[in-house]
Amino acid sequence: MNISLGIIAGIIAGAFWGLVFLAPELTRGFTPIQLSAGRYVAYGLIAAILVSRSWRGLFARLAWREWKALAWLSFSGNIVYYFFLAQAVQTGGIAMASIVIGLLPVVITLVGSRDADAVPLRSLLPSIALSTAGLFCISWQHLQTGSLAGVLYASGALASWTAYAVGNSRWLARLGTVTPHEWSMLTGLVTGAEALLLAVPALSSAAPQHSNSEWLYFAAVVTSVAILCSIIGNGFWNYASRALPLTLTGQMIVFETLFAALYGFLWEARWPTAIETAAMALLVAGVATCALAHGRNASS
């Protein structure tokens, strides 16, 4: 696959994924477990409709180990991740959550650098340094106002999504009979089934009570997130994951952080500060440096 197209797909995925940071702000009266259950039940239903004509062929092409992988990837990368993310946003705010989760590119690049055919770590150090500097700049301003609980929730989201990104990339690399889009839809089916288990606690009597109009608004938000972020965003991400090495795939997650920050500025109706602008420039420079390192490695 073309690396340039993979990078473009990663950027588009980040643009869609950045929207997930707005959903908890738009639905503050609802709990994180309700958000997670609602989004992924909707994701599962939409995925079921999209694969309804080809599900027999898809089922025949997958062995039991692939289904176990889908179950684990769906749980860690969707259910657990979004629960922690929603808690982090509602506890510490969009900016703080996006900053901590913005460490994903550095963590995944470090993990990917251990692969046999990876770009040498020394070639990636400039990129890692630029990304880390960008995250440090923006966190210096925002983490002082964020709560410890919010940071811990965001760290949980960071850990769960790192496990998903690494595992998903490696499974896509070894699957030859399933396209990235089909893998995304199958992930949606399994995630939807797992989310049904959350429906009972999400709708328990202990949860906040809402009017019919509030539930309709909530359904519209989580369905929009399911379509834009889970269906479309995941489809572009799976293409990027198959087209790019893990060390470069990790860097693409920077764009989720960048777009989440931009959406946060729009939500707060303000321009970014000088230090926030510098941070975003450093993050983009980190991705560009990483792409150049991979280009030099490929040509040599």
# chains A, B, ... in the order shown; residues from 1 in each chain; ligands from 1
>>> residues_around(residues="A:Phe236", least_positions_apart="2", cutoff="10 Å", atoms="only C-alpha atoms", output="ChimeraX atom specification")
/A:6-14,16,180-181,184,229-234,238-241
>>> write_last_selection(atoms="C-alpha atoms", output="PDB file, in the first residue's frame")
ATOM      1  CA  GLY A   6      -1.844   5.712   4.672  1.00  0.00           C
ATOM      2  CA  ILE A   7      -0.804   9.045   6.197  1.00  0.00           C
ATOM      3  CA  ILE A   8      -3.804  10.802   4.641  1.00  0.00           C
ATOM      4  CA  ALA A   9      -6.094   8.074   6.010  1.00  0.00           C
ATOM      5  CA  GLY A  10      -4.539   8.503   9.459  1.00  0.00           C
ATOM      6  CA  ILE A  11      -5.142  12.267   9.366  1.00  0.00           C
ATOM      7  CA  ILE A  12      -8.788  11.791   8.344  1.00  0.00           C
ATOM      8  CA  ALA A  13      -9.265   9.213  11.108  1.00  0.00           C
ATOM      9  CA  GLY A  14      -7.868  11.722  13.618  1.00  0.00           C
ATOM     10  CA  PHE A  16     -13.253  12.101  13.062  1.00  0.00           C
ATOM     11  CA  PRO A 180      -9.749  -3.186   6.844  1.00  0.00           C
ATOM     12  CA  HIS A 181     -13.388  -2.142   6.376  1.00  0.00           C
ATOM     13  CA  SER A 184     -13.880  -2.613  11.379  1.00  0.00           C
ATOM     14  CA  CYS A 229     -16.026   8.060  14.851  1.00  0.00           C
ATOM     15  CA  SER A 230     -16.591   4.302  14.989  1.00  0.00           C
ATOM     16  CA  ILE A 231     -17.744   3.489  11.451  1.00  0.00           C
ATOM     17  CA  ILE A 232     -15.995   6.125   9.318  1.00  0.00           C
ATOM     18  CA  GLY A 233     -13.050   6.931  11.609  1.00  0.00           C
ATOM     19  CA  ASN A 234     -12.216   3.302  12.339  1.00  0.00           C
ATOM     20  CA  ASN A 238      -7.665   0.341   9.742  1.00  0.00           C
ATOM     21  CA  TYR A 239      -6.526   1.358   6.256  1.00  0.00           C
ATOM     22  CA  ALA A 240      -3.710   3.394   7.796  1.00  0.00           C
ATOM     23  CA  SER A 241      -2.805   0.549  10.177  1.00  0.00           C
TER      24      SER A 241
END
>>> closest_residue(among="A:Val222, A:Ile94, A:Leu5, A:Gly286", to="A:Leu266", atoms="only C-alpha atoms")
A:Ile94
>>> residues_around(residues="A:Phe30", least_positions_apart="4", cutoff="12 Å", atoms="only C-alpha atoms", output="JSON, numbers by chain")
{"A": [23, 24, 25, 26, 34, 35, 36, 37, 38, 86, 87, 90, 202, 203, 207, 208, 209, 210, 211, 214, 215, 217, 218, 219, 221, 222]}
>>> closest_residue(among="A:Phe84, A:Thr132, A:Leu104, A:Ile3", to="A:Phe255", atoms="only C-alpha atoms")
A:Leu104
>>> residues_around(residues="A:Gly77", least_positions_apart="4", cutoff="8 Å", atoms="only C-alpha atoms", output="VMD selection string")
chain A and resid 73 81 to 82 160 to 161 163 to 165
>>> residues_around(residues="A:Ile101", least_positions_apart="4", cutoff="8 Å", atoms="only C-alpha atoms", output="number ranges by chain")
A: 97, 154-155, 157-158, 257
>>> write_last_selection(atoms="C-alpha atoms", output="PDB file, in the first residue's frame")
ATOM      1  CA  ALA A  97      -7.909  14.521  28.613  1.00  0.00           C
ATOM      2  CA  ALA A 154      -7.030   9.667  31.147  1.00  0.00           C
ATOM      3  CA  SER A 155      -4.042   7.435  31.940  1.00  0.00           C
ATOM      4  CA  ALA A 157      -7.648   5.453  28.536  1.00  0.00           C
ATOM      5  CA  LEU A 158      -4.038   5.794  27.375  1.00  0.00           C
ATOM      6  CA  THR A 257      -5.104  15.153  19.802  1.00  0.00           C
TER       7      THR A 257
END
>>> atom_distance(atom1="atom CA of A:Trp64", atom2="atom CA of A:Ala42")
25.1 Å
>>> atom_distance(atom1="atom CA of A:Gly93", atom2="atom CA of A:Ile253")
19.4 Å
>>> atom_distance(atom1="atom CA of A:Glu256", atom2="atom CA of A:Leu19")
8.6 Å
>>> residues_around(residues="A:Glu268", least_positions_apart="3", cutoff="12 Å", atoms="only C-alpha atoms", output="list in words")
Leu22, Glu25, Gly93, Ile94, Ala95, Ala261, Leu262, Tyr263, Gly264, Phe265, Trp271 and Pro272 of chain A
>>> write_last_selection(atoms="all heavy atoms", output="JSON list (two decimals), in the first residue's frame")
[["chain", "number", "residue", "atom", "x", "y", "z"],
["A", 22, "LEU", "N", -15.86, 15.71, 22.37],
["A", 22, "LEU", "CA", -16.98, 16.64, 22.55],
["A", 22, "LEU", "C", -18.22, 15.95, 23.12],
["A", 22, "LEU", "O", -19.01, 16.59, 23.83],
["A", 22, "LEU", "CB", -17.34, 17.29, 21.21],
["A", 22, "LEU", "CG", -16.47, 18.45, 20.73],
["A", 22, "LEU", "CD1", -16.93, 18.90, 19.36],
["A", 22, "LEU", "CD2", -16.50, 19.60, 21.72],
["A", 25, "GLU", "N", -19.06, 16.33, 26.79],
["A", 25, "GLU", "CA", -19.46, 17.70, 27.11],
["A", 25, "GLU", "C", -20.89, 17.97, 26.67],
["A", 25, "GLU", "O", -21.63, 18.69, 27.33],
["A", 25, "GLU", "CB", -18.50, 18.70, 26.44],
["A", 25, "GLU", "CG", -17.15, 18.84, 27.13],
["A", 25, "GLU", "CD", -17.24, 19.59, 28.45],
["A", 25, "GLU", "OE1", -18.32, 20.14, 28.75],
["A", 25, "GLU", "OE2", -16.24, 19.59, 29.19],
["A", 93, "GLY", "N", -11.88, 17.88, 32.05],
["A", 93, "GLY", "CA", -12.03, 18.75, 30.89],
["A", 93, "GLY", "C", -11.44, 18.17, 29.62],
["A", 93, "GLY", "O", -10.63, 17.23, 29.65],
["A", 94, "ILE", "N", -11.85, 18.72, 28.47],
["A", 94, "ILE", "CA", -11.41, 18.23, 27.16],
["A", 94, "ILE", "C", -9.91, 18.38, 26.99],
["A", 94, "ILE", "O", -9.22, 17.46, 26.55],
["A", 94, "ILE", "CB", -12.14, 18.98, 26.02],
["A", 94, "ILE", "CG1", -13.63, 18.67, 26.04],
["A", 94, "ILE", "CG2", -11.56, 18.58, 24.66],
["A", 94, "ILE", "CD1", -14.43, 19.46, 25.01],
["A", 95, "ALA", "N", -9.39, 19.57, 27.33],
["A", 95, "ALA", "CA", -7.97, 19.84, 27.08],
["A", 95, "ALA", "C", -7.07, 18.87, 27.84],
["A", 95, "ALA", "O", -6.15, 18.28, 27.27],
["A", 95, "ALA", "CB", -7.64, 21.29, 27.46],
["A", 261, "ALA", "N", -8.18, 19.17, 20.31],
["A", 261, "ALA", "CA", -7.86, 20.50, 20.84],
["A", 261, "ALA", "C", -8.55, 21.59, 20.05],
["A", 261, "ALA", "O", -9.12, 22.54, 20.61],
["A", 261, "ALA", "CB", -6.35, 20.71, 20.85],
["A", 262, "LEU", "N", -8.55, 21.47, 18.71],
["A", 262, "LEU", "CA", -9.22, 22.47, 17.87],
["A", 262, "LEU", "C", -10.72, 22.51, 18.14],
["A", 262, "LEU", "O", -11.31, 23.60, 18.25],
["A", 262, "LEU", "CB", -8.97, 22.16, 16.38],
["A", 262, "LEU", "CG", -7.55, 22.39, 15.89],
["A", 262, "LEU", "CD1", -7.40, 21.87, 14.45],
["A", 262, "LEU", "CD2", -7.16, 23.86, 15.96],
["A", 263, "TYR", "N", -11.34, 21.34, 18.28],
["A", 263, "TYR", "CA", -12.77, 21.30, 18.59],
["A", 263, "TYR", "C", -13.02, 21.89, 19.98],
["A", 263, "TYR", "O", -14.05, 22.54, 20.22],
["A", 263, "TYR", "CB", -13.29, 19.86, 18.53],
["A", 263, "TYR", "CG", -13.14, 19.20, 17.17],
["A", 263, "TYR", "CD1", -12.98, 17.82, 17.07],
["A", 263, "TYR", "CD2", -13.15, 19.94, 16.00],
["A", 263, "TYR", "CE1", -12.81, 17.19, 15.84],
["A", 263, "TYR", "CE2", -13.00, 19.33, 14.76],
["A", 263, "TYR", "CZ", -12.83, 17.96, 14.68],
["A", 263, "TYR", "OH", -12.67, 17.35, 13.46],
["A", 264, "GLY", "N", -12.08, 21.64, 20.90],
["A", 264, "GLY", "CA", -12.20, 22.21, 22.24],
["A", 264, "GLY", "C", -12.15, 23.73, 22.21],
["A", 264, "GLY", "O", -12.91, 24.41, 22.92],
["A", 265, "PHE", "N", -11.27, 24.30, 21.37],
["A", 265, "PHE", "CA", -11.19, 25.75, 21.25],
["A", 265, "PHE", "C", -12.49, 26.31, 20.69],
["A", 265, "PHE", "O", -12.98, 27.36, 21.13],
["A", 265, "PHE", "CB", -10.02, 26.16, 20.34],
["A", 265, "PHE", "CG", -8.67, 25.72, 20.85],
["A", 265, "PHE", "CD1", -7.68, 25.29, 19.97],
["A", 265, "PHE", "CD2", -8.38, 25.72, 22.21],
["A", 265, "PHE", "CE1", -6.44, 24.90, 20.43],
["A", 265, "PHE", "CE2", -7.14, 25.32, 22.69],
["A", 265, "PHE", "CZ", -6.17, 24.90, 21.78],
["A", 271, "TRP", "N", -9.48, 31.54, 20.84],
["A", 271, "TRP", "CA", -8.32, 31.19, 20.05],
["A", 271, "TRP", "C", -7.31, 30.47, 20.93],
["A", 271, "TRP", "O", -7.29, 30.66, 22.15],
["A", 271, "TRP", "CB", -7.67, 32.45, 19.48],
["A", 271, "TRP", "CG", -8.47, 33.13, 18.41],
["A", 271, "TRP", "CD1", -9.31, 34.19, 18.58],
["A", 271, "TRP", "CD2", -8.52, 32.77, 17.03],
["A", 271, "TRP", "NE1", -9.91, 34.53, 17.38],
["A", 271, "TRP", "CE2", -9.42, 33.68, 16.41],
["A", 271, "TRP", "CE3", -7.91, 31.79, 16.25],
["A", 271, "TRP", "CZ2", -9.71, 33.62, 15.06],
["A", 271, "TRP", "CZ3", -8.20, 31.75, 14.90],
["A", 271, "TRP", "CH2", -9.09, 32.64, 14.31],
["A", 272, "PRO", "N", -6.47, 29.61, 20.35],
["A", 272, "PRO", "CA", -5.43, 28.98, 21.16],
["A", 272, "PRO", "C", -4.42, 30.02, 21.64],
["A", 272, "PRO", "O", -4.18, 31.02, 20.97],
["A", 272, "PRO", "CB", -4.77, 27.99, 20.19],
["A", 272, "PRO", "CG", -5.10, 28.50, 18.82],
["A", 272, "PRO", "CD", -6.43, 29.16, 18.94]]
>>> select_by_dssp(residues="stretch 42-210 of chain A", states="alpha helix (DSSP H)", output="PyMOL selection string")
chain A and resi 42-50+55-61+64-74+81-92+94-101+104-112+121-142+148-174+180-202
>>> write_last_selection(atoms="C-alpha atoms", output="tab-separated table (two decimals), in the first residue's frame")
chain	number	residue	atom	x	y	z
A	42	ALA	CA	-25.41	2.00	18.11
A	43	TYR	CA	-22.06	1.01	16.54
A	44	GLY	CA	-23.02	-2.67	16.72
A	45	LEU	CA	-26.46	-2.13	15.17
A	46	ILE	CA	-25.07	-0.07	12.28
A	47	ALA	CA	-22.26	-2.58	11.70
A	48	ALA	CA	-24.80	-5.44	11.66
A	49	ILE	CA	-26.80	-3.67	8.94
A	50	LEU	CA	-23.70	-2.99	6.85
A	55	TRP	CA	-21.90	-12.10	7.05
A	56	ARG	CA	-21.90	-15.76	5.98
A	57	GLY	CA	-18.72	-15.32	3.97
A	58	LEU	CA	-17.07	-13.29	6.73
A	59	PHE	CA	-17.88	-15.87	9.38
A	60	ALA	CA	-16.47	-18.63	7.18
A	61	ARG	CA	-13.17	-16.77	6.75
A	64	TRP	CA	-11.88	-19.06	16.64
A	65	ARG	CA	-8.61	-17.22	17.39
A	66	GLU	CA	-9.71	-14.27	15.24
A	67	TRP	CA	-12.99	-14.04	17.16
A	68	LYS	CA	-11.09	-14.09	20.46
A	69	ALA	CA	-8.86	-11.31	19.14
A	70	LEU	CA	-11.92	-9.29	18.10
A	71	ALA	CA	-13.44	-9.74	21.56
A	72	TRP	CA	-10.29	-8.49	23.28
A	73	LEU	CA	-9.67	-5.62	20.86
A	74	SER	CA	-13.30	-4.49	21.09
A	81	TYR	CA	-11.19	3.19	26.47
A	82	TYR	CA	-14.35	5.23	26.02
A	83	PHE	CA	-15.48	4.71	29.62
A	84	PHE	CA	-12.15	6.09	30.88
A	85	LEU	CA	-12.19	8.88	28.27
A	86	ALA	CA	-15.69	10.05	29.25
A	87	GLN	CA	-14.72	9.99	32.93
A	88	ALA	CA	-11.56	11.98	32.17
A	89	VAL	CA	-13.39	14.65	30.13
A	90	GLN	CA	-16.18	15.08	32.69
A	91	THR	CA	-13.69	15.16	35.57
A	92	GLY	CA	-10.79	17.17	34.14
A	94	ILE	CA	-11.41	18.23	27.16
A	95	ALA	CA	-7.97	19.84	27.08
A	96	MET	CA	-6.51	17.80	29.95
A	97	ALA	CA	-7.91	14.52	28.61
A	98	SER	CA	-6.65	15.15	25.08
A	99	ILE	CA	-3.20	16.05	26.41
A	100	VAL	CA	-2.67	12.89	28.48
A	101	ILE	CA	-4.07	10.64	25.74
A	104	LEU	CA	-0.18	7.66	22.61
A	105	PRO	CA	2.12	8.45	19.63
A	106	VAL	CA	5.22	8.31	21.81
A	107	VAL	CA	4.18	5.11	23.61
A	108	ILE	CA	3.14	3.25	20.44
A	109	THR	CA	6.22	4.38	18.52
A	110	LEU	CA	8.44	3.06	21.32
A	111	VAL	CA	6.58	-0.27	21.27
A	112	GLY	CA	6.75	-0.48	17.46
A	121	LEU	CA	15.01	3.89	17.42
A	122	ARG	CA	17.85	6.40	17.04
A	123	SER	CA	16.24	7.61	13.78
A	124	LEU	CA	12.95	8.13	15.62
A	125	LEU	CA	14.38	10.04	18.59
A	126	PRO	CA	13.99	13.50	16.97
A	127	SER	CA	10.32	12.77	16.26
A	128	ILE	CA	9.73	11.47	19.78
A	129	ALA	CA	11.50	14.51	21.26
A	130	LEU	CA	9.38	16.96	19.23
A	131	SER	CA	6.11	15.19	20.13
A	132	THR	CA	7.05	15.05	23.81
A	133	ALA	CA	8.02	18.74	23.78
A	134	GLY	CA	4.67	19.65	22.24
A	135	LEU	CA	2.75	17.66	24.84
A	136	PHE	CA	4.84	19.19	27.63
A	137	CYS	CA	4.12	22.72	26.39
A	138	ILE	CA	0.36	22.30	26.34
A	139	SER	CA	0.22	20.22	29.54
A	140	TRP	CA	2.20	22.89	31.44
A	141	GLN	CA	-0.78	25.20	31.05
A	142	HIS	CA	-3.66	22.78	31.51
A	148	LEU	CA	-5.79	14.07	39.87
A	149	ALA	CA	-8.80	11.82	39.25
A	150	GLY	CA	-9.09	13.17	35.71
A	151	VAL	CA	-5.42	12.47	35.03
A	152	LEU	CA	-5.80	8.92	36.35
A	153	TYR	CA	-8.86	8.26	34.18
A	154	ALA	CA	-7.03	9.67	31.15
A	155	SER	CA	-4.04	7.43	31.94
A	156	GLY	CA	-6.38	4.43	31.99
A	157	ALA	CA	-7.65	5.45	28.54
A	158	LEU	CA	-4.04	5.79	27.37
A	159	ALA	CA	-3.15	2.26	28.54
A	160	SER	CA	-6.24	0.59	27.09
A	161	TRP	CA	-5.93	2.26	23.68
A	162	THR	CA	-2.21	1.51	23.45
A	163	ALA	CA	-3.04	-2.18	23.88
A	164	TYR	CA	-5.72	-1.89	21.19
A	165	ALA	CA	-3.59	0.03	18.66
A	166	VAL	CA	-0.66	-2.39	18.90
A	167	GLY	CA	-2.83	-5.51	18.81
A	168	ASN	CA	-5.08	-4.24	16.01
A	169	SER	CA	-2.12	-3.27	13.82
A	170	ARG	CA	-0.52	-6.68	14.22
A	171	TRP	CA	-3.73	-8.56	13.51
A	172	LEU	CA	-4.39	-6.52	10.36
A	173	ALA	CA	-0.87	-7.31	9.18
A	174	ARG	CA	-1.45	-11.06	9.42
A	180	PRO	CA	-9.75	-3.19	6.84
A	181	HIS	CA	-13.39	-2.14	6.38
A	182	GLU	CA	-14.66	-5.66	7.08
A	183	TRP	CA	-12.45	-5.92	10.16
A	184	SER	CA	-13.88	-2.61	11.38
A	185	MET	CA	-17.45	-3.84	10.89
A	186	LEU	CA	-16.70	-7.11	12.69
A	187	THR	CA	-15.18	-5.11	15.53
A	188	GLY	CA	-18.42	-3.15	15.63
A	189	LEU	CA	-20.52	-6.32	15.83
A	190	VAL	CA	-18.50	-7.69	18.74
A	191	THR	CA	-18.38	-4.31	20.48
A	192	GLY	CA	-22.14	-3.98	20.18
A	193	ALA	CA	-22.63	-7.41	21.75
A	194	GLU	CA	-20.29	-6.49	24.62
A	195	ALA	CA	-22.02	-3.13	25.07
A	196	LEU	CA	-25.34	-4.88	25.64
A	197	LEU	CA	-23.85	-6.16	28.91
A	198	LEU	CA	-23.42	-2.52	29.95
A	199	ALA	CA	-27.06	-1.69	29.23
A	200	VAL	CA	-28.31	-3.09	32.56
A	201	PRO	CA	-26.07	-1.00	34.84
A	202	ALA	CA	-26.40	1.97	32.47
>>> residues_around(residues="A:Val284", least_positions_apart="3", cutoff="8 Å", atoms="only C-alpha atoms", output="NGL selection string")
:A and (131 or 254 or 280-281 or 287-288)
>>> write_last_selection(atoms="N, CA, C and O atoms", output="mmCIF file, in the first residue's frame")
data_model
loop_
_atom_site.group_PDB
_atom_site.id
_atom_site.type_symbol
_atom_site.label_atom_id
_atom_site.label_comp_id
_atom_site.auth_asym_id
_atom_site.auth_seq_id
_atom_site.Cartn_x
_atom_site.Cartn_y
_atom_site.Cartn_z
ATOM 1 N N SER A 131 7.464 15.494 19.635
ATOM 2 C CA SER A 131 6.112 15.191 20.132
ATOM 3 C C SER A 131 6.026 15.389 21.636
ATOM 4 O O SER A 131 5.056 15.955 22.157
ATOM 5 N N VAL A 254 -1.429 11.554 16.757
ATOM 6 C CA VAL A 254 -1.268 12.969 17.091
ATOM 7 C C VAL A 254 -2.435 13.783 16.534
ATOM 8 O O VAL A 254 -2.880 14.759 17.154
ATOM 9 N N MET A 280 1.036 22.621 19.246
ATOM 10 C CA MET A 280 0.495 21.967 18.058
ATOM 11 C C MET A 280 1.514 21.947 16.926
ATOM 12 O O MET A 280 1.613 20.960 16.185
ATOM 13 N N ALA A 281 2.287 23.016 16.803
ATOM 14 C CA ALA A 281 3.329 23.052 15.769
ATOM 15 C C ALA A 281 4.385 21.980 16.023
ATOM 16 O O ALA A 281 4.862 21.310 15.094
ATOM 17 N N VAL A 287 5.399 14.450 13.718
ATOM 18 C CA VAL A 287 4.866 13.524 12.712
ATOM 19 C C VAL A 287 5.660 13.641 11.415
ATOM 20 O O VAL A 287 6.028 12.634 10.789
ATOM 21 N N ALA A 288 5.949 14.884 10.986
ATOM 22 C CA ALA A 288 6.689 15.088 9.743
ATOM 23 C C ALA A 288 8.082 14.477 9.826
ATOM 24 O O ALA A 288 8.558 13.839 8.875
#
>>> decode(residues="stretch 42-51 of chain A", atoms="all heavy atoms", output="mmCIF file, in the first residue's frame")
data_model
loop_
_atom_site.group_PDB
_atom_site.id
_atom_site.type_symbol
_atom_site.label_atom_id
_atom_site.label_comp_id
_atom_site.auth_asym_id
_atom_site.auth_seq_id
_atom_site.Cartn_x
_atom_site.Cartn_y
_atom_site.Cartn_z
ATOM 1 N N ALA A 42 -25.127 1.398 19.416
ATOM 2 C CA ALA A 42 -25.409 1.998 18.107
ATOM 3 C C ALA A 42 -24.397 1.531 17.067
ATOM 4 O O ALA A 42 -24.761 1.205 15.923
ATOM 5 C CB ALA A 42 -25.386 3.525 18.229
ATOM 6 N N TYR A 43 -23.124 1.495 17.431
ATOM 7 C CA TYR A 43 -22.064 1.010 16.538
ATOM 8 C C TYR A 43 -22.357 -0.421 16.096
ATOM 9 O O TYR A 43 -22.262 -0.759 14.903
ATOM 10 C CB TYR A 43 -20.735 1.102 17.286
ATOM 11 C CG TYR A 43 -19.495 0.666 16.518
ATOM 12 C CD1 TYR A 43 -19.440 0.620 15.126
ATOM 13 C CD2 TYR A 43 -18.331 0.332 17.218
ATOM 14 C CE1 TYR A 43 -18.292 0.244 14.454
ATOM 15 C CE2 TYR A 43 -17.164 -0.046 16.546
ATOM 16 C CZ TYR A 43 -17.149 -0.092 15.174
ATOM 17 O OH TYR A 43 -16.006 -0.460 14.511
ATOM 18 N N GLY A 44 -22.733 -1.273 17.044
ATOM 19 C CA GLY A 44 -23.020 -2.669 16.716
ATOM 20 C C GLY A 44 -24.203 -2.824 15.782
ATOM 21 O O GLY A 44 -24.170 -3.625 14.832
ATOM 22 N N LEU A 45 -25.272 -2.045 16.022
ATOM 23 C CA LEU A 45 -26.458 -2.126 15.172
ATOM 24 C C LEU A 45 -26.151 -1.680 13.749
ATOM 25 O O LEU A 45 -26.570 -2.324 12.781
ATOM 26 C CB LEU A 45 -27.578 -1.269 15.769
ATOM 27 C CG LEU A 45 -28.227 -1.789 17.051
ATOM 28 C CD1 LEU A 45 -29.192 -0.751 17.614
ATOM 29 C CD2 LEU A 45 -28.955 -3.107 16.798
ATOM 30 N N ILE A 46 -25.414 -0.572 13.616
ATOM 31 C CA ILE A 46 -25.066 -0.072 12.281
ATOM 32 C C ILE A 46 -24.151 -1.057 11.554
ATOM 33 O O ILE A 46 -24.317 -1.336 10.363
ATOM 34 C CB ILE A 46 -24.403 1.312 12.384
ATOM 35 C CG1 ILE A 46 -25.390 2.315 12.977
ATOM 36 C CG2 ILE A 46 -23.924 1.788 11.006
ATOM 37 C CD1 ILE A 46 -24.759 3.618 13.403
ATOM 38 N N ALA A 47 -23.170 -1.599 12.292
ATOM 39 C CA ALA A 47 -22.262 -2.578 11.699
ATOM 40 C C ALA A 47 -23.023 -3.816 11.235
ATOM 41 O O ALA A 47 -22.732 -4.387 10.173
ATOM 42 C CB ALA A 47 -21.169 -2.964 12.697
ATOM 43 N N ALA A 48 -24.003 -4.261 12.028
ATOM 44 C CA ALA A 48 -24.799 -5.443 11.663
ATOM 45 C C ALA A 48 -25.543 -5.206 10.359
ATOM 46 O O ALA A 48 -25.633 -6.098 9.501
ATOM 47 C CB ALA A 48 -25.773 -5.774 12.789
ATOM 48 N N ILE A 49 -26.081 -3.995 10.185
ATOM 49 C CA ILE A 49 -26.796 -3.669 8.944
ATOM 50 C C ILE A 49 -25.836 -3.679 7.754
ATOM 51 O O ILE A 49 -26.143 -4.218 6.684
ATOM 52 C CB ILE A 49 -27.479 -2.297 9.077
ATOM 53 C CG1 ILE A 49 -28.599 -2.364 10.129
ATOM 54 C CG2 ILE A 49 -28.035 -1.833 7.729
ATOM 55 C CD1 ILE A 49 -29.171 -1.007 10.495
ATOM 56 N N LEU A 50 -24.644 -3.121 7.946
ATOM 57 C CA LEU A 50 -23.696 -2.990 6.846
ATOM 58 C C LEU A 50 -23.100 -4.325 6.395
ATOM 59 O O LEU A 50 -22.706 -4.464 5.228
ATOM 60 C CB LEU A 50 -22.563 -2.034 7.248
ATOM 61 C CG LEU A 50 -22.961 -0.564 7.425
ATOM 62 C CD1 LEU A 50 -21.787 0.259 7.928
ATOM 63 C CD2 LEU A 50 -23.484 0.019 6.105
ATOM 64 N N VAL A 51 -23.023 -5.301 7.309
ATOM 65 C CA VAL A 51 -22.440 -6.601 6.926
ATOM 66 C C VAL A 51 -23.502 -7.684 6.743
ATOM 67 O O VAL A 51 -23.167 -8.849 6.545
ATOM 68 C CB VAL A 51 -21.397 -7.081 7.964
ATOM 69 C CG1 VAL A 51 -20.278 -6.086 8.106
ATOM 70 C CG2 VAL A 51 -22.046 -7.377 9.316
#
